[in-house]
>>> print(open('entry_23.txt').read())   # compact mmCIF, C-alpha atoms and all ligand atoms
# COMPACT_ATOMS: atom_id res chain seq x y z
CA MET L 6 -4.15 12.32 -57.37
CA SER L 7 -7.07 10.22 -56.12
CA ILE L 8 -7.74 10.75 -52.42
CA LEU L 9 -7.46 7.00 -51.88
CA LYS L 10 -3.92 6.91 -53.28
CA LYS L 11 -2.55 9.94 -51.43
CA ASP L 12 -0.16 9.47 -48.50
CA ILE L 13 0.91 12.25 -46.15
CA LYS L 14 4.47 12.16 -44.87
CA PHE L 15 5.30 12.17 -41.15
CA ASN L 16 8.29 13.91 -39.57
CA ASN L 17 9.80 10.43 -38.88
CA GLY L 18 9.95 9.44 -42.57
CA LEU L 19 6.88 7.16 -42.46
CA SER L 20 3.53 8.17 -43.92
CA ILE L 21 -0.24 7.83 -43.44
CA PRO L 22 -2.94 7.38 -46.11
CA GLN L 23 -4.83 10.69 -46.22
CA MET L 24 -8.20 8.95 -46.27
CA GLY L 25 -9.19 6.55 -43.54
CA LEU L 26 -12.32 5.06 -42.03
CA GLY L 27 -13.48 6.22 -38.58
CA THR L 28 -15.07 3.61 -36.31
CA TYR L 29 -16.45 5.58 -33.33
CA LYS L 30 -19.89 4.21 -32.37
CA LEU L 31 -19.42 1.12 -34.57
CA THR L 32 -19.90 -1.73 -32.11
CA ASN L 33 -22.32 -4.04 -33.88
CA LYS L 34 -20.55 -6.94 -35.62
CA GLU L 35 -22.58 -6.80 -38.87
CA GLU L 36 -22.07 -3.02 -39.18
CA ILE L 37 -18.33 -3.30 -38.51
CA VAL L 38 -17.92 -6.00 -41.15
CA GLU L 39 -20.04 -4.08 -43.68
CA SER L 40 -18.22 -0.82 -43.10
CA ILE L 41 -14.65 -2.18 -43.01
CA HIS L 42 -15.11 -4.57 -45.93
CA ALA L 43 -16.74 -1.81 -48.02
CA ALA L 44 -13.89 0.56 -47.19
CA LEU L 45 -11.12 -1.90 -47.99
CA LYS L 46 -12.86 -3.03 -51.19
CA THR L 47 -13.21 0.63 -52.26
CA GLY L 48 -9.49 1.19 -51.69
CA TYR L 49 -9.28 2.72 -48.21
CA ARG L 50 -6.10 1.48 -46.50
CA HIS L 51 -6.45 3.18 -43.13
CA ILE L 52 -8.70 2.40 -40.15
CA ASP L 53 -9.05 4.55 -37.01
CA THR L 54 -10.11 2.97 -33.73
CA ALA L 55 -9.51 3.47 -29.98
CA VAL L 56 -9.72 1.46 -26.78
CA ILE L 57 -12.73 3.52 -25.65
CA TYR L 58 -14.70 2.58 -28.81
CA LYS L 59 -14.84 -0.98 -27.44
CA ASN L 60 -14.67 -2.42 -30.95
CA GLN L 61 -11.00 -3.30 -31.43
CA LYS L 62 -11.53 -7.06 -31.37
CA LEU L 63 -14.27 -6.91 -34.02
CA VAL L 64 -12.29 -4.36 -36.05
CA GLY L 65 -9.27 -6.70 -36.02
CA GLU L 66 -11.43 -9.65 -37.10
CA ALA L 67 -13.07 -7.64 -39.91
CA ILE L 68 -9.65 -6.55 -41.19
CA LYS L 69 -8.51 -10.20 -41.20
CA SER L 70 -11.60 -11.49 -43.01
CA SER L 71 -11.35 -8.73 -45.67
CA GLY L 72 -8.54 -10.54 -47.45
CA VAL L 73 -6.38 -7.39 -47.58
CA ARG L 74 -2.95 -8.00 -46.04
CA ARG L 75 -2.37 -6.48 -42.61
CA GLU L 76 0.88 -4.83 -43.76
CA ASP L 77 -1.06 -2.97 -46.47
CA ILE L 78 -3.40 -1.38 -43.90
CA PHE L 79 -2.56 1.55 -41.62
CA ILE L 80 -4.16 1.10 -38.18
CA THR L 81 -4.50 3.86 -35.57
CA SER L 82 -5.57 3.36 -31.97
CA LYS L 83 -5.63 5.62 -28.91
CA ILE L 84 -4.88 5.27 -25.22
CA TRP L 85 -7.92 6.25 -23.17
CA ASN L 86 -7.82 8.94 -20.53
CA ASP L 87 -8.05 6.75 -17.42
CA SER L 88 -4.91 4.84 -18.48
CA HIS L 89 -2.44 7.70 -18.91
CA GLY L 90 -0.26 6.76 -15.94
CA TYR L 91 3.06 5.23 -17.10
CA ASN L 92 2.28 1.64 -16.06
CA GLU L 93 -1.36 1.81 -17.19
CA SER L 94 -0.28 3.15 -20.59
CA LYS L 95 2.19 0.29 -21.02
CA GLN L 96 -0.58 -2.19 -20.22
CA GLU L 97 -2.99 -0.47 -22.59
CA ILE L 98 -0.48 -0.65 -25.47
CA ASP L 99 -0.33 -4.42 -24.96
CA LEU L 100 -4.14 -4.55 -24.77
CA ILE L 101 -4.39 -2.75 -28.13
CA LEU L 102 -2.04 -5.29 -29.74
CA LYS L 103 -3.97 -8.16 -28.15
CA GLU L 104 -7.47 -6.95 -29.03
CA LEU L 105 -6.61 -6.11 -32.63
CA ASP L 106 -4.48 -9.30 -32.74
CA VAL L 107 -1.60 -7.66 -34.57
CA GLU L 108 2.20 -7.70 -34.13
CA TYR L 109 2.47 -3.90 -34.31
CA ILE L 110 0.29 -0.81 -34.58
CA ASP L 111 1.04 1.88 -37.15
CA LEU L 112 0.04 4.78 -34.91
CA ILE L 113 -1.03 5.19 -31.29
CA LEU L 114 -2.33 8.51 -29.96
CA VAL L 115 -2.72 10.00 -26.50
CA HIS L 116 -6.53 10.36 -26.74
CA TRP L 117 -6.94 13.61 -24.73
CA PRO L 118 -4.47 15.88 -22.91
CA THR L 119 -5.13 14.57 -19.39
CA PRO L 120 -2.91 15.63 -16.45
CA LYS L 121 -0.86 12.40 -16.88
CA ARG L 122 -0.28 12.92 -20.63
CA LEU L 123 3.53 13.10 -20.33
CA GLU L 124 3.68 9.75 -18.49
CA CYS L 125 1.65 8.26 -21.33
CA TRP L 126 4.08 9.78 -23.83
CA LYS L 127 7.06 8.15 -22.10
CA ALA L 128 5.36 4.74 -22.34
CA LEU L 129 4.62 5.35 -26.03
CA GLU L 130 8.24 6.30 -26.72
CA GLU L 131 9.35 3.03 -25.15
CA ALA L 132 6.80 1.11 -27.23
CA VAL L 133 8.41 2.56 -30.37
CA GLN L 134 11.83 1.29 -29.20
CA GLU L 135 10.25 -2.12 -28.49
CA GLY L 136 8.79 -2.33 -32.00
CA LYS L 137 5.19 -2.39 -30.77
CA VAL L 138 4.21 0.83 -32.54
CA LYS L 139 5.70 2.55 -35.60
CA SER L 140 4.59 6.15 -35.00
CA ILE L 141 3.16 8.04 -32.04
CA GLY L 142 1.03 11.13 -31.86
CA VAL L 143 -1.58 13.02 -29.91
CA SER L 144 -5.25 13.89 -30.11
CA ASN L 145 -7.21 16.93 -28.94
CA PHE L 146 -3.97 18.67 -27.91
CA LEU L 147 -4.03 22.48 -27.86
CA ILE L 148 -0.97 24.62 -28.63
CA GLU L 149 -0.05 24.80 -24.93
CA HIS L 150 -0.04 20.99 -24.66
CA LEU L 151 2.08 20.63 -27.81
CA GLU L 152 4.57 23.25 -26.60
CA GLU L 153 4.98 21.40 -23.32
CA LEU L 154 5.40 18.04 -25.06
CA LEU L 155 7.91 19.32 -27.61
CA LYS L 156 10.13 20.55 -24.75
CA VAL L 157 10.52 17.06 -23.22
CA ALA L 158 9.79 14.55 -25.97
CA LYS L 159 12.60 12.27 -27.14
CA ILE L 160 10.33 11.36 -30.07
CA LYS L 161 8.37 14.18 -31.65
CA PRO L 162 4.61 13.58 -32.17
CA VAL L 163 3.89 12.90 -35.85
CA ILE L 164 0.23 13.94 -35.81
CA ASN L 165 -2.48 15.77 -33.87
CA GLN L 166 -6.05 14.52 -34.38
CA PHE L 167 -8.74 16.98 -33.29
CA GLU L 168 -12.25 18.18 -34.08
CA LEU L 169 -11.88 20.10 -37.31
CA HIS L 170 -14.45 20.90 -39.99
CA PRO L 171 -15.81 23.86 -41.94
CA ALA L 172 -17.64 25.04 -38.80
CA LEU L 173 -14.56 24.71 -36.55
CA THR L 174 -11.43 25.68 -38.44
CA CYS L 175 -8.96 26.00 -35.50
CA LYS L 176 -6.67 28.20 -37.62
CA LYS L 177 -4.05 28.96 -34.95
CA LEU L 178 -3.71 25.30 -33.97
CA VAL L 179 -3.50 24.19 -37.62
CA ASN L 180 -0.82 26.81 -38.30
CA TYR L 181 1.13 25.74 -35.20
CA CYS L 182 1.04 22.07 -36.29
CA ASN L 183 2.10 22.95 -39.84
CA ALA L 184 4.97 25.11 -38.57
CA ASN L 185 6.17 22.28 -36.33
CA ASP L 186 5.90 19.48 -38.90
CA ILE L 187 3.02 17.78 -37.09
CA VAL L 188 0.40 16.36 -39.49
CA VAL L 189 -3.15 17.62 -38.91
CA GLU L 190 -5.93 15.03 -38.75
CA SER L 191 -9.59 16.01 -38.71
CA TRP L 192 -12.20 14.17 -36.69
CA GLY L 193 -15.87 15.00 -37.08
CA THR L 194 -15.19 16.27 -40.63
CA LEU L 195 -18.91 15.84 -41.41
CA ILE L 196 -19.75 17.71 -38.20
CA ARG L 197 -21.07 14.29 -37.20
CA GLY L 198 -23.89 14.52 -39.73
CA LYS L 199 -24.80 18.16 -38.97
CA CYS L 200 -23.22 19.33 -42.25
CA PHE L 201 -26.60 18.65 -43.90
CA GLU L 202 -28.17 21.52 -41.92
CA ILE L 203 -25.72 24.32 -42.78
CA ASP L 204 -26.79 26.68 -45.59
CA GLN L 205 -23.34 27.45 -47.00
CA ILE L 206 -22.51 23.73 -47.27
CA LYS L 207 -25.94 23.00 -48.77
CA GLU L 208 -25.36 25.71 -51.40
CA LEU L 209 -22.05 24.16 -52.52
CA ALA L 210 -23.52 20.64 -52.53
CA LYS L 211 -26.22 21.90 -54.89
CA LYS L 212 -23.71 23.78 -57.06
CA TYR L 213 -21.54 20.69 -57.63
CA GLN L 214 -24.30 18.04 -57.44
CA LYS L 215 -22.39 16.38 -54.60
CA SER L 216 -23.49 15.63 -51.04
CA GLU L 217 -22.86 17.95 -48.08
CA ALA L 218 -20.57 15.23 -46.67
CA GLN L 219 -18.48 15.29 -49.85
CA VAL L 220 -18.20 19.10 -49.69
CA CYS L 221 -16.80 18.88 -46.14
CA LEU L 222 -14.36 16.14 -47.11
CA LYS L 223 -13.16 18.13 -50.14
CA TRP L 224 -12.63 21.16 -47.87
CA ALA L 225 -10.46 19.02 -45.57
CA GLN L 226 -8.60 17.41 -48.47
CA LYS L 227 -7.76 20.85 -49.89
CA ASN L 228 -6.34 21.82 -46.50
CA ASN L 229 -4.13 18.71 -46.56
CA PHE L 230 -5.77 17.24 -43.45
CA VAL L 231 -5.97 13.50 -42.85
CA ILE L 232 -9.68 12.53 -42.89
CA ILE L 233 -11.43 9.60 -41.22
CA PRO L 234 -15.20 9.87 -41.86
CA LYS L 235 -17.19 7.15 -40.15
CA SER L 236 -20.13 5.39 -41.73
CA SER L 237 -21.89 2.16 -40.91
CA SER L 238 -23.26 1.87 -44.44
CA GLN L 239 -21.51 0.51 -47.51
CA LYS L 240 -23.18 3.14 -49.70
CA ARG L 241 -21.95 6.08 -47.60
CA VAL L 242 -18.43 4.62 -47.15
CA ILE L 243 -18.16 4.55 -50.96
CA GLU L 244 -19.73 8.01 -51.32
CA ASN L 245 -17.26 9.55 -48.86
CA ALA L 246 -14.30 8.50 -50.99
CA ASN L 247 -15.91 9.76 -54.20
CA ILE L 248 -14.53 13.30 -54.10
CA ASP L 249 -12.03 13.32 -56.94
CA ASP L 250 -14.40 14.67 -59.59
CA PHE L 251 -14.93 18.20 -58.27
CA ASP L 252 -13.01 21.02 -56.63
CA LEU L 253 -13.81 24.04 -54.47
CA THR L 254 -12.83 27.50 -55.72
CA THR L 255 -11.37 30.31 -53.62
CA GLN L 256 -14.85 31.86 -53.64
CA ASP L 257 -16.36 28.59 -52.35
CA LEU L 258 -13.80 28.48 -49.55
CA GLU L 259 -14.63 32.09 -48.67
CA LEU L 260 -18.29 31.12 -48.46
CA LEU L 261 -17.47 28.22 -46.10
CA ALA L 262 -15.43 30.64 -43.97
CA THR L 263 -18.66 32.54 -43.19
CA ILE L 264 -20.15 29.57 -41.28
CA VAL L 265 -20.79 30.41 -37.64
CA GLU L 266 -18.41 28.48 -35.41
CA GLN L 267 -19.89 25.36 -33.86
CA ARG L 268 -18.14 22.70 -31.79
CA ASP L 269 -19.79 19.29 -31.59
CA GLY L 270 -17.52 17.45 -29.14
CA PRO L 271 -15.95 18.52 -25.84
CA ASP L 272 -13.60 21.50 -25.76
CA PRO L 273 -10.11 20.29 -24.73
CA ALA L 274 -9.68 23.59 -22.84
CA ASN L 275 -12.57 22.72 -20.50
CA PHE L 276 -12.59 18.92 -20.56
CA ASP L 277 -13.35 17.43 -17.16
CA PHE L 278 -10.61 14.79 -16.79
N1 LIG L 301 -9.75 11.68 -31.24
C1 LIG L 301 -10.97 11.91 -30.83
O1 LIG L 301 -11.21 12.41 -29.70
C2 LIG L 301 -12.12 11.56 -31.72
C3 LIG L 301 -13.41 12.01 -31.42
C4 LIG L 301 -14.44 11.67 -32.28
C5 LIG L 301 -14.17 10.91 -33.40
N2 LIG L 301 -12.91 10.46 -33.67
C6 LIG L 301 -12.62 9.61 -34.85
O2 LIG L 301 -13.01 10.33 -36.01
C7 LIG L 301 -13.97 9.57 -36.75
C8 LIG L 301 -14.94 10.50 -37.45
O3 LIG L 301 -15.66 11.30 -36.52
P1 LIG L 301 -17.18 11.02 -36.13
O4 LIG L 301 -17.49 9.59 -36.40
O5 LIG L 301 -17.40 11.50 -34.75
O6 LIG L 301 -17.99 11.98 -37.08
P2 LIG L 301 -18.15 12.17 -38.68
O7 LIG L 301 -17.29 11.25 -39.44
O8 LIG L 301 -18.08 13.63 -38.92
O9 LIG L 301 -19.69 11.80 -38.89
C9 LIG L 301 -20.18 10.52 -38.73
C10 LIG L 301 -21.69 10.62 -38.87
O10 LIG L 301 -22.04 11.02 -40.20
C11 LIG L 301 -22.85 10.03 -40.82
N3 LIG L 301 -22.37 9.91 -42.21
C12 LIG L 301 -21.19 9.46 -42.65
N4 LIG L 301 -21.09 9.58 -43.99
C13 LIG L 301 -22.24 10.10 -44.41
C14 LIG L 301 -22.76 10.45 -45.69
N5 LIG L 301 -22.03 10.29 -46.79
N6 LIG L 301 -24.02 10.94 -45.76
C15 LIG L 301 -24.77 11.11 -44.64
N7 LIG L 301 -24.34 10.82 -43.40
C16 LIG L 301 -23.08 10.32 -43.28
C17 LIG L 301 -22.66 8.75 -40.03
O11 LIG L 301 -23.83 7.99 -40.02
P3 LIG L 301 -23.89 6.49 -40.63
O12 LIG L 301 -22.91 5.68 -39.86
O13 LIG L 301 -25.30 6.09 -40.41
O14 LIG L 301 -23.54 6.63 -42.09
C18 LIG L 301 -22.37 9.31 -38.63
O15 LIG L 301 -23.59 9.59 -37.97
C19 LIG L 301 -14.60 8.69 -35.66
O16 LIG L 301 -15.34 7.62 -36.20
C20 LIG L 301 -13.39 8.29 -34.88
O17 LIG L 301 -12.68 7.26 -35.53
C21 LIG L 301 -11.89 10.79 -32.85
>>> encode(input="entry_23.txt", output="structure tokens")
Amino acid sequence: MSILKKDIKFNNGLSIPQMGLGTYKLTNKEEIVESIHAALKTGYRHIDTAVIYKNQKLVGEAIKSSGVRREDIFITSKIWNDSHGYNESKQEIDLILKELDVEYIDLILVHWPTPKRLECWKALEEAVQEGKVKSIGVSNFLIEHLEELLKVAKIKPVINQFELHPALTCKKLVNYCNANDIVVESWGTLIRGKCFEIDQIKELAKKYQKSEAQVCLKWAQKNNFVIIPKSSSQKRVIENANIDDFDLTTQDLELLATIVEQRDGPDPANFDF
């Protein structure tokens, strides 16, 4: 099935389109309009934003001016780390709705596992009851954070979004999420552009006459991860969804497994909250 048509089911019965558009570092109005309109025209139906990206207002406007109905688009946002207290989280949920100018959000995540993460979770659970958000999940949570949350949660997280790419495979965490019916979502799938410098990825790009970005996205698709590559350019937004016409063999996957581990973003185990 085409990547743009594939939905992945959550443990609450709802689902998420496997392919979405990331928007981190998109703050310029022209770029946001170009990127979001290109994505929606190409068939993406999922946009990932966050309060800390400081682009929610422009993202909401670009979605509206695209002509695609809001109810046909899956929108994710995230509560930033300095607002994880119970009251602050409640306020931030309302801010997300206001900035995006929508009646509900499809998915809100706890952005990082800060010390107040459980207070944030309680506020998110209440927002589900209030109809403000359909599904709730976490981001950058390690196994220890998930274990703690699963012990107290009234609503189970549907997803964990974390740095995940051929150079950072997080096998234990992926296995834990799969075993606990928590969907795995990859951020930085293109190693934030560094995929073009890695020999094993270059070799497969050459073999299949595809780009290094497409090789990374195919790797993630084959692992059943939700993917949200970000691009400011119409051409690259289209290219990133064009991965249906090739496949990676077991041998190719073994080659990718030889890449030396490299983390691009902060390590949740040592994050200075
Ligand atoms: N939960 C979290 O803590 C967290 C952290 C980071 C990111 N995220 C989310 O995940 C999304 C994706 O991660 P990311 O943006 O950090 O990294 P990414 O998607 O791995 O890489 C984005 C970079 O790759 C370039 N790029 C995209 N497509 C390309 C292509 N086909 N060919 C060449 N270059 C290409 C982009 O440049 P151009 O724009 O110039 O094309 C940009 O510099 C974010 O946008 C955000 O929504 C979440």
>>> residues_near_ligand(input="entry_23.txt", ligand="ligand LIG 301 (chain L)", cutoff="8 Å", atoms="all atoms listed in the file", output="PDB file with C-alpha atoms, keeping the file's coordinate frame")
ATOM      1  CA  LEU L  26     -12.320   5.060 -42.030  1.00  0.00           C
ATOM      2  CA  GLY L  27     -13.480   6.220 -38.580  1.00  0.00           C
ATOM      3  CA  THR L  28     -15.070   3.610 -36.310  1.00  0.00           C
ATOM      4  CA  TYR L  29     -16.450   5.580 -33.330  1.00  0.00           C
ATOM      5  CA  LYS L  30     -19.890   4.210 -32.370  1.00  0.00           C
ATOM      6  CA  LEU L  31     -19.420   1.120 -34.570  1.00  0.00           C
ATOM      7  CA  ILE L  52      -8.700   2.400 -40.150  1.00  0.00           C
ATOM      8  CA  ASP L  53      -9.050   4.550 -37.010  1.00  0.00           C
ATOM      9  CA  THR L  54     -10.110   2.970 -33.730  1.00  0.00           C
ATOM     10  CA  ALA L  55      -9.510   3.470 -29.980  1.00  0.00           C
ATOM     11  CA  LYS L  83      -5.630   5.620 -28.910  1.00  0.00           C
ATOM     12  CA  HIS L 116      -6.530  10.360 -26.740  1.00  0.00           C
ATOM     13  CA  TRP L 117      -6.940  13.610 -24.730  1.00  0.00           C
ATOM     14  CA  SER L 144      -5.250  13.890 -30.110  1.00  0.00           C
ATOM     15  CA  ASN L 145      -7.210  16.930 -28.940  1.00  0.00           C
ATOM     16  CA  GLN L 166      -6.050  14.520 -34.380  1.00  0.00           C
ATOM     17  CA  PHE L 167      -8.740  16.980 -33.290  1.00  0.00           C
ATOM     18  CA  GLU L 168     -12.250  18.180 -34.080  1.00  0.00           C
ATOM     19  CA  SER L 191      -9.590  16.010 -38.710  1.00  0.00           C
ATOM     20  CA  TRP L 192     -12.200  14.170 -36.690  1.00  0.00           C
ATOM     21  CA  GLY L 193     -15.870  15.000 -37.080  1.00  0.00           C
ATOM     22  CA  THR L 194     -15.190  16.270 -40.630  1.00  0.00           C
ATOM     23  CA  LEU L 195     -18.910  15.840 -41.410  1.00  0.00           C
ATOM     24  CA  ILE L 196     -19.750  17.710 -38.200  1.00  0.00           C
ATOM     25  CA  ARG L 197     -21.070  14.290 -37.200  1.00  0.00           C
ATOM     26  CA  GLY L 198     -23.890  14.520 -39.730  1.00  0.00           C
ATOM     27  CA  LYS L 199     -24.800  18.160 -38.970  1.00  0.00           C
ATOM     28  CA  PHE L 201     -26.600  18.650 -43.900  1.00  0.00           C
ATOM     29  CA  SER L 216     -23.490  15.630 -51.040  1.00  0.00           C
ATOM     30  CA  GLU L 217     -22.860  17.950 -48.080  1.00  0.00           C
ATOM     31  CA  ALA L 218     -20.570  15.230 -46.670  1.00  0.00           C
ATOM     32  CA  GLN L 219     -18.480  15.290 -49.850  1.00  0.00           C
ATOM     33  CA  ILE L 232      -9.680  12.530 -42.890  1.00  0.00           C
ATOM     34  CA  ILE L 233     -11.430   9.600 -41.220  1.00  0.00           C
ATOM     35  CA  PRO L 234     -15.200   9.870 -41.860  1.00  0.00           C
ATOM     36  CA  LYS L 235     -17.190   7.150 -40.150  1.00  0.00           C
ATOM     37  CA  SER L 236     -20.130   5.390 -41.730  1.00  0.00           C
ATOM     38  CA  SER L 237     -21.890   2.160 -40.910  1.00  0.00           C
ATOM     39  CA  SER L 238     -23.260   1.870 -44.440  1.00  0.00           C
ATOM     40  CA  LYS L 240     -23.180   3.140 -49.700  1.00  0.00           C
ATOM     41  CA  ARG L 241     -21.950   6.080 -47.600  1.00  0.00           C
ATOM     42  CA  VAL L 242     -18.430   4.620 -47.150  1.00  0.00           C
ATOM     43  CA  GLU L 244     -19.730   8.010 -51.320  1.00  0.00           C
ATOM     44  CA  ASN L 245     -17.260   9.550 -48.860  1.00  0.00           C
ATOM     45  CA  GLY L 270     -17.520  17.450 -29.140  1.00  0.00           C
TER      46      GLY L 270
END
>>> closest_residue(input="entry_23.txt", among="L:Arg122, L:Lys95, L:Lys139, L:Lys176", to="Leu151 (chain L)", atoms="all atoms listed in the file")
L:Arg122
>>> closest_residue(input="entry_23.txt", among="L:Glu76, L:Glu152, L:Asp111, L:Glu35", to="Val138 (chain L)", atoms="only C-alpha atoms")
L:Asp111
>>> closest_residue(input="entry_23.txt", among="L:Lys177, L:Leu129, L:His170, L:Asn247", to="Leu147 (chain L)", atoms="all atoms listed in the file")
L:Lys177
>>> residues_around(input="entry_23.txt", residues="Glu266 (chain L)", least_positions_apart="6", cutoff="9 Å", atoms="all atoms listed in the file", output="VMD selection string")
chain L and resid 171 to 174
>>> residues_around(input="entry_23.txt", residues="Cys125 (chain L)", least_positions_apart="6", cutoff="10 Å", atoms="only C-alpha atoms", output="VMD selection string")
chain L and resid 84 to 86 88 to 95 97 114 to 115 118 to 119
>>> atom_distance(input="entry_23.txt", atom1="CA of Arg268 (chain L)", atom2="CA of Lys161 (chain L)")
27.8 Å
>>> closest_residue(input="entry_23.txt", among="L:Gly142, L:Gly72, L:Pro120, L:Gly136", to="Asp99 (chain L)", atoms="only C-alpha atoms")
L:Gly136
>>> atom_distance(input="entry_23.txt", atom1="CA of Ala225 (chain L)", atom2="CA of Glu153 (chain L)")
27.2 Å
>>> closest_residue(input="entry_23.txt", among="L:Ala210, L:Ala132, L:Ile68, L:Cys200", to="Gln96 (chain L)", atoms="only C-alpha atoms")
L:Ala132
>>> residues_around(input="entry_23.txt", residues="Leu63 (chain L)", least_positions_apart="6", cutoff="9 Å", atoms="all atoms listed in the file", output="ChimeraX atom specification")
/L:32-34,37-38,104-105
>>> residues_around(input="entry_23.txt", residues="Cys182 (chain L)", least_positions_apart="2", cutoff="10 Å", atoms="only C-alpha atoms", output="list in words")
Leu147, Ile148, Leu151, Val163, Ile164, Asn165, Lys176, Lys177, Leu178, Val179, Asn180, Ala184, Asn185, Asp186, Ile187, Val188 and Val189 of chain L
>>> closest_residue(input="entry_23.txt", among="L:Phe251, L:Ile203, L:Val107, L:Asp277", to="Arg74 (chain L)", atoms="only C-alpha atoms")
L:Val107
>>> atom_distance(input="entry_23.txt", atom1="CA of His42 (chain L)", atom2="CA of Pro22 (chain L)")
17.1 Å
>>> residues_around(input="entry_23.txt", residues="Asp257 (chain L)", least_positions_apart="6", cutoff="12 Å", atoms="only C-alpha atoms", output="ChimeraX atom specification")
/L:171,205-210,212-213,220-221,223-224,227,263-264
